Amino acid sequence: MSTQQTPYDHLIIGAGHNGLVTAAYLAAAGKKVLVLERNAQVGGACITTELAPGYKVSTCSYLVSLLSEQVIADLELARHGYRTLPRNPSSFTPCRDGGGLLLGSDAAENHRQISRFSTADADAYPRFEAFLTRVAECLEPELERAAPGLLQWPDAWRSVSLWQQLRDAIGAWRLRKAFARLGAEQPAAIRLLLNSARSVLDEWFESEVLKATLATDGVIGAFAPPSAPGTGYVLLHHVMGNAGGERGVWAYVEGGMGAITQAMAASCRERGVEIRTAAPVERIRVDASGVCGVTLVGGEQIDAKRVISNATPQVTFEQLLDARDLAEDFLTAVRCIDYASATTKINLAVSALPQFTGFPSRSEPAPHHRGTIHIGDTLDLLERAYDDAKYGRASRTPLIEMTIPSALDTTLAPSGHHIVQLFVQYTPYSLRESSWEIERDMFADRCLHEIDRYAPGFSQSVLHRQVLTPPDLEREFGLTGGNIFHGAMSPSQLLSLRPVPGWADYRTPIRGLYLCGSGTHPGGGVTGMPGRNAARAVLADG
């Protein structure tokens, strides 16, 4: 067992995107920083891997939009190889009886497309987009800073300084002022944030295919149906992005999502950050004065003045710390965090593009191949997909988001072949009457069969596949419960309640220990904002 003789100023557990962002900002402030990553490559769940020789996939996360423009600029990611490939059209929802709905950035074309299903919806759609944009623009600045403490916690829960109370009061006033800018739309904005995606969409639209297209943004990554309260906020969360400088646009990343974290790692190293891979942390070390370093699997001890964890709150507090280091009421709150997940990621290498009923057959990518392809053209289909999971079964007719990044990025697959990525719901972490070892391949076959309903013969084009169920996501990427957001994005786990009430400022009850992952405000997605906000908190403490 060896010990690092010269302690690091800051040690970061986990080289996912938020951990790397935190490291870059701390190093820019002149700190000596070490990042420890348990896997063989940096990136966490934001990586590119080879599915088979010549076929590269974005293993988990698969699109970019929410990545902070400030982070992109500050870390000079473009100079380090980060390049987006905006998609237009942005989405396609095929119908079982042929045809489908294409949506993109062309307002006139959107109106024409939607009018085939409902002229009233075609007229309402631009108003709906404008409303979401106004709400997003009010809330986005609050995501770029620590969440204000909106409630006064008892002293037994946490001792709050006068400065912290003043900061929280200013933050609460700022949030109230942001909502005030919405004027008469404030009640509608509150309903959007707290209501179900289904209720919100039923208020605006009548055509099932349009509502189904939009509803998936409200449930993606959530163990909840479109009718669940709170899914309206998740719907809004997914339009806050700005890929390529255009509001609400989601893009592919050239070279896959791993190009983001590789660019971040390059930026970190340029600033003097030391990054060690294949270095799993076994224990966060604590002494009488607070955190003092970590112990790696194998026994190596590394000293650090401060430790910042990019792991989930459950991993940080229940696996890497001794329970005796934390108060029981705090641990109780940590154990109450909801990590329920129903997400499975399936990555495919295929010999041909899917040919959807009602569209001409072709070997080259068509417009409808570029964006997200929604398999499930009615809200009732999405609700029934959830009903199975509610009772511990994998969905018999799953909700599937299909993306084909090779339609725009020719670096991912051999000529004429393609990468197809399926983000699938609903798949419970635990199956009531079976196990994922038994069900994994059968469920993947079911997903392919479901796609065949809309694109006959697609399953016959599959050459290679990778299936990552919730337990796989937990085991391979440290995502507790397989939850891609490090904890559900429900109203009870947002703002000052994330990760637990009273501790939304990235600090923890242990002096010198901080959190920087998606389990903190403002939550999941490849944003970099938890990492940036955490670095600010660490530097503010001196």
# chains A, B, ... in the order shown; residues from 1 in each chain; ligands from 1
>>> closest_atom_pairs(of="segment 276-358 of chain A", to="segment 457-478 of chain A", cutoff="6 Å", atoms="only C-alpha atoms", output="Markdown table")
| residue | atom | partner | partner_atom | distance |
| --- | --- | --- | --- | --- |
| A:Thr344 | CA | A:Thr469 | CA | 4.5 |
| A:Lys345 | CA | A:Leu468 | CA | 5.1 |
| A:Ile346 | CA | A:Val467 | CA | 4.6 |
| A:Asn347 | CA | A:Gln466 | CA | 5.0 |
| A:Leu348 | CA | A:Arg465 | CA | 4.5 |
| A:Ala349 | CA | A:His464 | CA | 5.1 |
| A:Val350 | CA | A:Val462 | CA | 4.4 |
| A:Ser351 | CA | A:Ser461 | CA | 5.2 |
| A:Ala352 | CA | A:Ser461 | CA | 5.8 |
| A:Pro354 | CA | A:Phe458 | CA | 5.4 |
>>> residues_around(residues="Leu182 of chain A", least_positions_apart="4", cutoff="9 Å", atoms="only C-alpha atoms", output="ChimeraX atom specification")
/A:134-135,138,178,186,189
>>> select_by_dssp(residues="segment 397-470 of chain A", states="strand (DSSP E or B)", output="list in words")
Leu399, Ile400, Glu401, Met402, Thr403, His418, Ile419, Val420, Gln421, Leu422, Phe423, Val424, Gln425, Val462, Leu463, His464, Arg465, Gln466, Val467 and Leu468 of chain A
>>> write_last_selection(atoms="C-alpha atoms", output="short mmCIF file (atom, residue, chain, number, x, y, z; two decimals), in the first residue's frame")
data_model
loop_
_atom_site.label_atom_id
_atom_site.label_comp_id
_atom_site.auth_asym_id
_atom_site.auth_seq_id
_atom_site.Cartn_x
_atom_site.Cartn_y
_atom_site.Cartn_z
CA LEU A 399 -41.94 2.78 -26.39
CA ILE A 400 -38.90 3.07 -28.66
CA GLU A 401 -36.85 6.10 -29.65
CA MET A 402 -34.75 5.12 -32.65
CA THR A 403 -31.82 7.22 -33.84
CA HIS A 418 -25.38 2.01 -40.36
CA ILE A 419 -25.56 2.40 -36.61
CA VAL A 420 -29.06 2.28 -35.13
CA GLN A 421 -29.58 3.16 -31.48
CA LEU A 422 -32.76 2.27 -29.57
CA PHE A 423 -33.69 3.99 -26.32
CA VAL A 424 -36.44 1.75 -24.99
CA GLN A 425 -39.07 1.90 -22.27
CA VAL A 462 -29.17 -6.52 -37.87
CA LEU A 463 -25.56 -7.71 -37.88
CA HIS A 464 -24.51 -7.01 -34.27
CA ARG A 465 -26.29 -5.81 -31.16
CA GLN A 466 -25.64 -4.70 -27.59
CA VAL A 467 -28.43 -4.76 -24.99
CA LEU A 468 -28.07 -2.74 -21.77
#
>>> residues_around(residues="segment 266-278 of chain A", least_positions_apart="2", cutoff="12 Å", atoms="only C-alpha atoms", output="MDAnalysis selection string")
chainID A and resid 8:17 19:44 71:82 259:264 280:281 296:298
>>> residues_around(residues="segment 358-368 of chain A", least_positions_apart="2", cutoff="7 Å", atoms="only C-alpha atoms", output="list in words")
Pro89, Phe92, Gly98, Gly99, Leu102, Ala352, Leu353, Gln355, Phe356, Arg370, Gly371 and Ala407 of chain A
>>> residues_around(residues="Glu206 of chain A", least_positions_apart="3", cutoff="9 Å", atoms="only C-alpha atoms", output="MDAnalysis selection string")
chainID A and resid 118 120:121 201:203 210:211
>>> write_last_selection(atoms="N, CA, C and O atoms", output="PDB file, in the first residue's frame")
ATOM      1  N   SER A 118     -54.454  17.330 -38.474  1.00  0.00           N
ATOM      2  CA  SER A 118     -55.366  18.284 -37.838  1.00  0.00           C
ATOM      3  C   SER A 118     -54.944  19.704 -38.193  1.00  0.00           C
ATOM      4  O   SER A 118     -53.828  20.118 -37.848  1.00  0.00           O
ATOM      5  N   ALA A 120     -56.302  22.354 -36.893  1.00  0.00           N
ATOM      6  CA  ALA A 120     -56.283  23.093 -35.615  1.00  0.00           C
ATOM      7  C   ALA A 120     -54.937  22.902 -34.922  1.00  0.00           C
ATOM      8  O   ALA A 120     -54.365  23.852 -34.369  1.00  0.00           O
ATOM      9  N   ASP A 121     -54.419  21.677 -34.947  1.00  0.00           N
ATOM     10  CA  ASP A 121     -53.122  21.414 -34.324  1.00  0.00           C
ATOM     11  C   ASP A 121     -51.994  22.122 -35.070  1.00  0.00           C
ATOM     12  O   ASP A 121     -51.032  22.605 -34.463  1.00  0.00           O
ATOM     13  N   LEU A 201     -50.556  18.243 -23.102  1.00  0.00           N
ATOM     14  CA  LEU A 201     -50.739  18.063 -24.549  1.00  0.00           C
ATOM     15  C   LEU A 201     -52.210  17.998 -24.930  1.00  0.00           C
ATOM     16  O   LEU A 201     -52.599  18.479 -26.008  1.00  0.00           O
ATOM     17  N   ASP A 202     -53.045  17.423 -24.056  1.00  0.00           N
ATOM     18  CA  ASP A 202     -54.485  17.395 -24.339  1.00  0.00           C
ATOM     19  C   ASP A 202     -55.074  18.807 -24.364  1.00  0.00           C
ATOM     20  O   ASP A 202     -56.063  19.061 -25.054  1.00  0.00           O
ATOM     21  N   GLU A 203     -54.498  19.722 -23.593  1.00  0.00           N
ATOM     22  CA  GLU A 203     -54.963  21.110 -23.600  1.00  0.00           C
ATOM     23  C   GLU A 203     -54.697  21.791 -24.944  1.00  0.00           C
ATOM     24  O   GLU A 203     -55.446  22.662 -25.365  1.00  0.00           O
ATOM     25  N   LEU A 210     -49.394  13.556 -33.125  1.00  0.00           N
ATOM     26  CA  LEU A 210     -48.622  14.705 -32.644  1.00  0.00           C
ATOM     27  C   LEU A 210     -48.416  14.611 -31.142  1.00  0.00           C
ATOM     28  O   LEU A 210     -47.302  14.849 -30.643  1.00  0.00           O
ATOM     29  N   LYS A 211     -49.464  14.256 -30.418  1.00  0.00           N
ATOM     30  CA  LYS A 211     -49.325  14.146 -28.960  1.00  0.00           C
ATOM     31  C   LYS A 211     -48.350  13.036 -28.578  1.00  0.00           C
ATOM     32  O   LYS A 211     -47.545  13.199 -27.645  1.00  0.00           O
TER      33      LYS A 211
END
>>> atom_distance(atom1="atom CA of Arg532 of chain A", atom2="atom CA of Cys60 of chain A")
22.1 Å
>>> closest_residue(among="A:Trp436, A:Tyr339, A:Tyr62, A:Tyr506", to="Tyr252 of chain A", atoms="only C-alpha atoms")
A:Tyr62
>>> closest_residue(among="A:Thr133, A:Phe223, A:Ala124, A:Ile510", to="Ala288 of chain A", atoms="only C-alpha atoms")
A:Ile510
>>> residues_around(residues="Thr119 of chain A", least_positions_apart="6", cutoff="12 Å", atoms="only C-alpha atoms", output="mmCIF file with all heavy atoms, in the first residue's frame")
data_model
loop_
_atom_site.group_PDB
_atom_site.id
_atom_site.type_symbol
_atom_site.label_atom_id
_atom_site.label_comp_id
_atom_site.auth_asym_id
_atom_site.auth_seq_id
_atom_site.Cartn_x
_atom_site.Cartn_y
_atom_site.Cartn_z
ATOM 1 N N ASN A 110 -43.637 22.212 -41.089
ATOM 2 C CA ASN A 110 -44.304 21.642 -39.919
ATOM 3 C C ASN A 110 -45.821 21.827 -40.035
ATOM 4 O O ASN A 110 -46.599 20.912 -39.739
ATOM 5 C CB ASN A 110 -43.805 22.301 -38.633
ATOM 6 C CG ASN A 110 -42.405 21.870 -38.253
ATOM 7 O OD1 ASN A 110 -41.910 20.850 -38.731
ATOM 8 N ND2 ASN A 110 -41.768 22.636 -37.396
ATOM 9 N N HIS A 111 -46.229 23.014 -40.442
ATOM 10 C CA HIS A 111 -47.670 23.289 -40.580
ATOM 11 C C HIS A 111 -48.294 22.354 -41.618
ATOM 12 O O HIS A 111 -49.381 21.796 -41.405
ATOM 13 C CB HIS A 111 -47.885 24.747 -40.974
ATOM 14 C CG HIS A 111 -49.306 25.202 -40.855
ATOM 15 N ND1 HIS A 111 -50.257 24.960 -41.835
ATOM 16 C CD2 HIS A 111 -49.938 25.875 -39.854
ATOM 17 C CE1 HIS A 111 -51.412 25.465 -41.449
ATOM 18 N NE2 HIS A 111 -51.263 26.033 -40.249
ATOM 19 N N ARG A 112 -47.603 22.164 -42.722
ATOM 20 C CA ARG A 112 -48.113 21.263 -43.756
ATOM 21 C C ARG A 112 -48.212 19.829 -43.266
ATOM 22 O O ARG A 112 -49.208 19.143 -43.502
ATOM 23 C CB ARG A 112 -47.215 21.336 -44.994
ATOM 24 C CG ARG A 112 -47.787 20.634 -46.214
ATOM 25 C CD ARG A 112 -46.795 20.600 -47.369
ATOM 26 N NE ARG A 112 -45.719 19.655 -47.104
ATOM 27 C CZ ARG A 112 -45.830 18.336 -47.279
ATOM 28 N NH1 ARG A 112 -46.968 17.817 -47.691
ATOM 29 N NH2 ARG A 112 -44.802 17.546 -47.032
ATOM 30 N N GLN A 113 -47.170 19.376 -42.549
ATOM 31 C CA GLN A 113 -47.147 18.013 -42.033
ATOM 32 C C GLN A 113 -48.278 17.777 -41.024
ATOM 33 O O GLN A 113 -49.011 16.794 -41.114
ATOM 34 C CB GLN A 113 -45.796 17.737 -41.363
ATOM 35 C CG GLN A 113 -44.638 17.549 -42.319
ATOM 36 C CD GLN A 113 -44.608 16.151 -42.914
ATOM 37 O OE1 GLN A 113 -45.088 15.194 -42.318
ATOM 38 N NE2 GLN A 113 -44.052 16.040 -44.113
ATOM 39 N N TYR A 125 -49.515 24.537 -33.014
ATOM 40 C CA TYR A 125 -48.147 24.074 -32.753
ATOM 41 C C TYR A 125 -47.133 25.210 -32.591
ATOM 42 O O TYR A 125 -46.347 25.203 -31.637
ATOM 43 C CB TYR A 125 -47.703 23.110 -33.854
ATOM 44 C CG TYR A 125 -46.342 22.507 -33.628
ATOM 45 C CD1 TYR A 125 -46.126 21.609 -32.583
ATOM 46 C CD2 TYR A 125 -45.260 22.839 -34.442
ATOM 47 C CE1 TYR A 125 -44.871 21.055 -32.370
ATOM 48 C CE2 TYR A 125 -44.000 22.292 -34.239
ATOM 49 C CZ TYR A 125 -43.816 21.409 -33.189
ATOM 50 O OH TYR A 125 -42.582 20.868 -32.966
ATOM 51 N N PHE A 205 -53.664 20.064 -28.100
ATOM 52 C CA PHE A 205 -53.772 19.349 -29.382
ATOM 53 C C PHE A 205 -54.862 18.277 -29.346
ATOM 54 O O PHE A 205 -55.301 17.841 -28.286
ATOM 55 C CB PHE A 205 -52.431 18.697 -29.733
ATOM 56 C CG PHE A 205 -51.277 19.656 -29.740
ATOM 57 C CD1 PHE A 205 -50.240 19.529 -28.819
ATOM 58 C CD2 PHE A 205 -51.221 20.692 -30.653
ATOM 59 C CE1 PHE A 205 -49.176 20.408 -28.809
ATOM 60 C CE2 PHE A 205 -50.162 21.584 -30.663
ATOM 61 C CZ PHE A 205 -49.131 21.447 -29.738
ATOM 62 N N GLU A 206 -55.239 17.822 -30.561
ATOM 63 C CA GLU A 206 -56.252 16.776 -30.678
ATOM 64 C C GLU A 206 -55.739 15.541 -31.414
ATOM 65 O O GLU A 206 -56.273 14.450 -31.219
ATOM 66 C CB GLU A 206 -57.485 17.321 -31.411
ATOM 67 C CG GLU A 206 -57.206 17.811 -32.838
ATOM 68 C CD GLU A 206 -58.412 18.462 -33.488
ATOM 69 O OE1 GLU A 206 -59.387 18.766 -32.756
ATOM 70 O OE2 GLU A 206 -58.391 18.661 -34.727
ATOM 71 N N SER A 207 -54.714 15.669 -32.264
ATOM 72 C CA SER A 207 -54.263 14.519 -33.055
ATOM 73 C C SER A 207 -53.339 13.624 -32.237
ATOM 74 O O SER A 207 -52.402 14.092 -31.585
ATOM 75 C CB SER A 207 -53.555 14.980 -34.328
ATOM 76 O OG SER A 207 -52.445 15.789 -34.030
ATOM 77 N N LEU A 210 -49.394 13.556 -33.125
ATOM 78 C CA LEU A 210 -48.622 14.705 -32.644
ATOM 79 C C LEU A 210 -48.416 14.611 -31.142
ATOM 80 O O LEU A 210 -47.302 14.849 -30.643
ATOM 81 C CB LEU A 210 -49.326 16.011 -33.008
ATOM 82 C CG LEU A 210 -48.636 17.285 -32.509
ATOM 83 C CD1 LEU A 210 -47.223 17.402 -33.057
ATOM 84 C CD2 LEU A 210 -49.456 18.529 -32.881
#
>>> closest_residue(among="A:Val57, A:Leu235, A:Ala265, A:Gly258", to="Val526 of chain A", atoms="only C-alpha atoms")
A:Gly258
>>> residues_around(residues="Thr357 of chain A", least_positions_apart="5", cutoff="9 Å", atoms="only C-alpha atoms", output="list in words")
Pro94, Cys95, Arg96, Asp97, Gly98, Gly99, Arg453, Tyr454, Ala455 and Pro456 of chain A
>>> write_last_selection(atoms="all heavy atoms", output="compact mmCIF listing (two decimals), in the first residue's frame")
# COMPACT_ATOMS: atom_id res chain seq x y z
N PRO A 94 -43.63 7.30 -37.45
CA PRO A 94 -44.37 6.51 -38.44
C PRO A 94 -45.70 6.02 -37.87
O PRO A 94 -45.83 5.82 -36.66
CB PRO A 94 -43.43 5.34 -38.73
CG PRO A 94 -42.63 5.18 -37.47
CD PRO A 94 -42.48 6.55 -36.88
N CYS A 95 -46.66 5.86 -38.74
CA CYS A 95 -47.97 5.34 -38.33
C CYS A 95 -48.09 3.88 -38.78
O CYS A 95 -47.53 3.48 -39.80
CB CYS A 95 -49.09 6.16 -38.96
SG CYS A 95 -49.10 7.89 -38.43
N ARG A 96 -48.82 3.11 -38.02
CA ARG A 96 -48.94 1.68 -38.33
C ARG A 96 -49.60 1.44 -39.68
O ARG A 96 -49.32 0.43 -40.33
CB ARG A 96 -49.74 0.97 -37.23
CG ARG A 96 -48.99 0.89 -35.91
CD ARG A 96 -49.54 -0.19 -35.02
NE ARG A 96 -48.78 -0.29 -33.77
CZ ARG A 96 -48.77 -1.35 -33.01
NH1 ARG A 96 -49.47 -2.41 -33.33
NH2 ARG A 96 -48.05 -1.37 -31.89
N ASP A 97 -50.47 2.36 -40.09
CA ASP A 97 -51.16 2.17 -41.37
C ASP A 97 -50.43 2.84 -42.52
O ASP A 97 -50.97 2.99 -43.61
CB ASP A 97 -52.59 2.70 -41.27
CG ASP A 97 -52.65 4.17 -40.89
OD1 ASP A 97 -51.58 4.77 -40.64
OD2 ASP A 97 -53.76 4.72 -40.82
N GLY A 98 -49.17 3.24 -42.28
CA GLY A 98 -48.37 3.86 -43.33
C GLY A 98 -48.28 5.36 -43.16
O GLY A 98 -49.09 5.98 -42.47
N GLY A 99 -47.27 5.95 -43.79
CA GLY A 99 -47.08 7.39 -43.63
C GLY A 99 -46.52 7.74 -42.27
O GLY A 99 -45.99 6.89 -41.56
N ARG A 453 -43.14 -3.81 -37.47
CA ARG A 453 -44.53 -3.43 -37.76
C ARG A 453 -44.59 -2.16 -38.62
O ARG A 453 -45.53 -1.96 -39.38
CB ARG A 453 -45.30 -3.19 -36.46
CG ARG A 453 -45.51 -4.41 -35.58
CD ARG A 453 -46.17 -3.97 -34.28
NE ARG A 453 -46.33 -5.06 -33.33
CZ ARG A 453 -47.42 -5.79 -33.20
NH1 ARG A 453 -48.46 -5.56 -33.98
NH2 ARG A 453 -47.49 -6.75 -32.29
N TYR A 454 -43.61 -1.29 -38.41
CA TYR A 454 -43.58 -0.01 -39.11
C TYR A 454 -42.59 -0.02 -40.29
O TYR A 454 -42.77 0.71 -41.25
CB TYR A 454 -43.16 1.11 -38.15
CG TYR A 454 -44.08 1.29 -36.97
CD1 TYR A 454 -43.97 0.50 -35.83
CD2 TYR A 454 -45.08 2.26 -37.00
CE1 TYR A 454 -44.82 0.68 -34.75
CE2 TYR A 454 -45.94 2.45 -35.92
CZ TYR A 454 -45.79 1.65 -34.80
OH TYR A 454 -46.65 1.82 -33.73
N ALA A 455 -41.54 -0.83 -40.16
CA ALA A 455 -40.51 -0.94 -41.20
C ALA A 455 -40.27 -2.42 -41.47
O ALA A 455 -39.34 -3.03 -40.93
CB ALA A 455 -39.22 -0.26 -40.76
N PRO A 456 -41.12 -3.06 -42.27
CA PRO A 456 -41.05 -4.52 -42.48
C PRO A 456 -39.65 -4.97 -42.91
O PRO A 456 -39.01 -4.36 -43.77
CB PRO A 456 -42.08 -4.76 -43.59
CG PRO A 456 -43.06 -3.64 -43.43
CD PRO A 456 -42.24 -2.45 -43.01
>>> select_by_dssp(residues="segment 39-86 of chain A", states="alpha helix (DSSP H)", output="ChimeraX atom specification")
/A:69-74
>>> write_last_selection(atoms="N, CA and C atoms", output="PDB file, in the first residue's frame")
ATOM      1  N   GLU A  69     -23.659  26.280 -23.073  1.00  0.00           N
ATOM      2  CA  GLU A  69     -22.827  27.059 -23.992  1.00  0.00           C
ATOM      3  C   GLU A  69     -21.622  27.660 -23.272  1.00  0.00           C
ATOM      4  N   GLN A  70     -21.825  28.015 -21.992  1.00  0.00           N
ATOM      5  CA  GLN A  70     -20.716  28.580 -21.226  1.00  0.00           C
ATOM      6  C   GLN A  70     -19.623  27.546 -21.006  1.00  0.00           C
ATOM      7  N   VAL A  71     -20.021  26.307 -20.728  1.00  0.00           N
ATOM      8  CA  VAL A  71     -19.044  25.225 -20.565  1.00  0.00           C
ATOM      9  C   VAL A  71     -18.309  24.979 -21.881  1.00  0.00           C
ATOM     10  N   ILE A  72     -19.053  24.946 -22.977  1.00  0.00           N
ATOM     11  CA  ILE A  72     -18.426  24.736 -24.289  1.00  0.00           C
ATOM     12  C   ILE A  72     -17.364  25.800 -24.549  1.00  0.00           C
ATOM     13  N   ALA A  73     -17.695  27.062 -24.221  1.00  0.00           N
ATOM     14  CA  ALA A  73     -16.763  28.156 -24.469  1.00  0.00           C
ATOM     15  C   ALA A  73     -15.588  28.125 -23.505  1.00  0.00           C
ATOM     16  N   ASP A  74     -15.878  27.950 -22.208  1.00  0.00           N
ATOM     17  CA  ASP A  74     -14.819  28.016 -21.196  1.00  0.00           C
ATOM     18  C   ASP A  74     -13.801  26.892 -21.352  1.00  0.00           C
TER      19      ASP A  74
END
>>> atom_distance(atom1="atom CA of Thr59 of chain A", atom2="atom CA of Arg432 of chain A")
27.2 Å
>>> closest_residue(among="A:Leu431, A:Ala323, A:Leu539, A:Leu379", to="Arg198 of chain A", atoms="only C-alpha atoms")
A:Leu379
>>> closest_residue(among="A:Ala279, A:Tyr233, A:Ile114, A:Pro141", to="Met529 of chain A", atoms="only C-alpha atoms")
A:Pro141
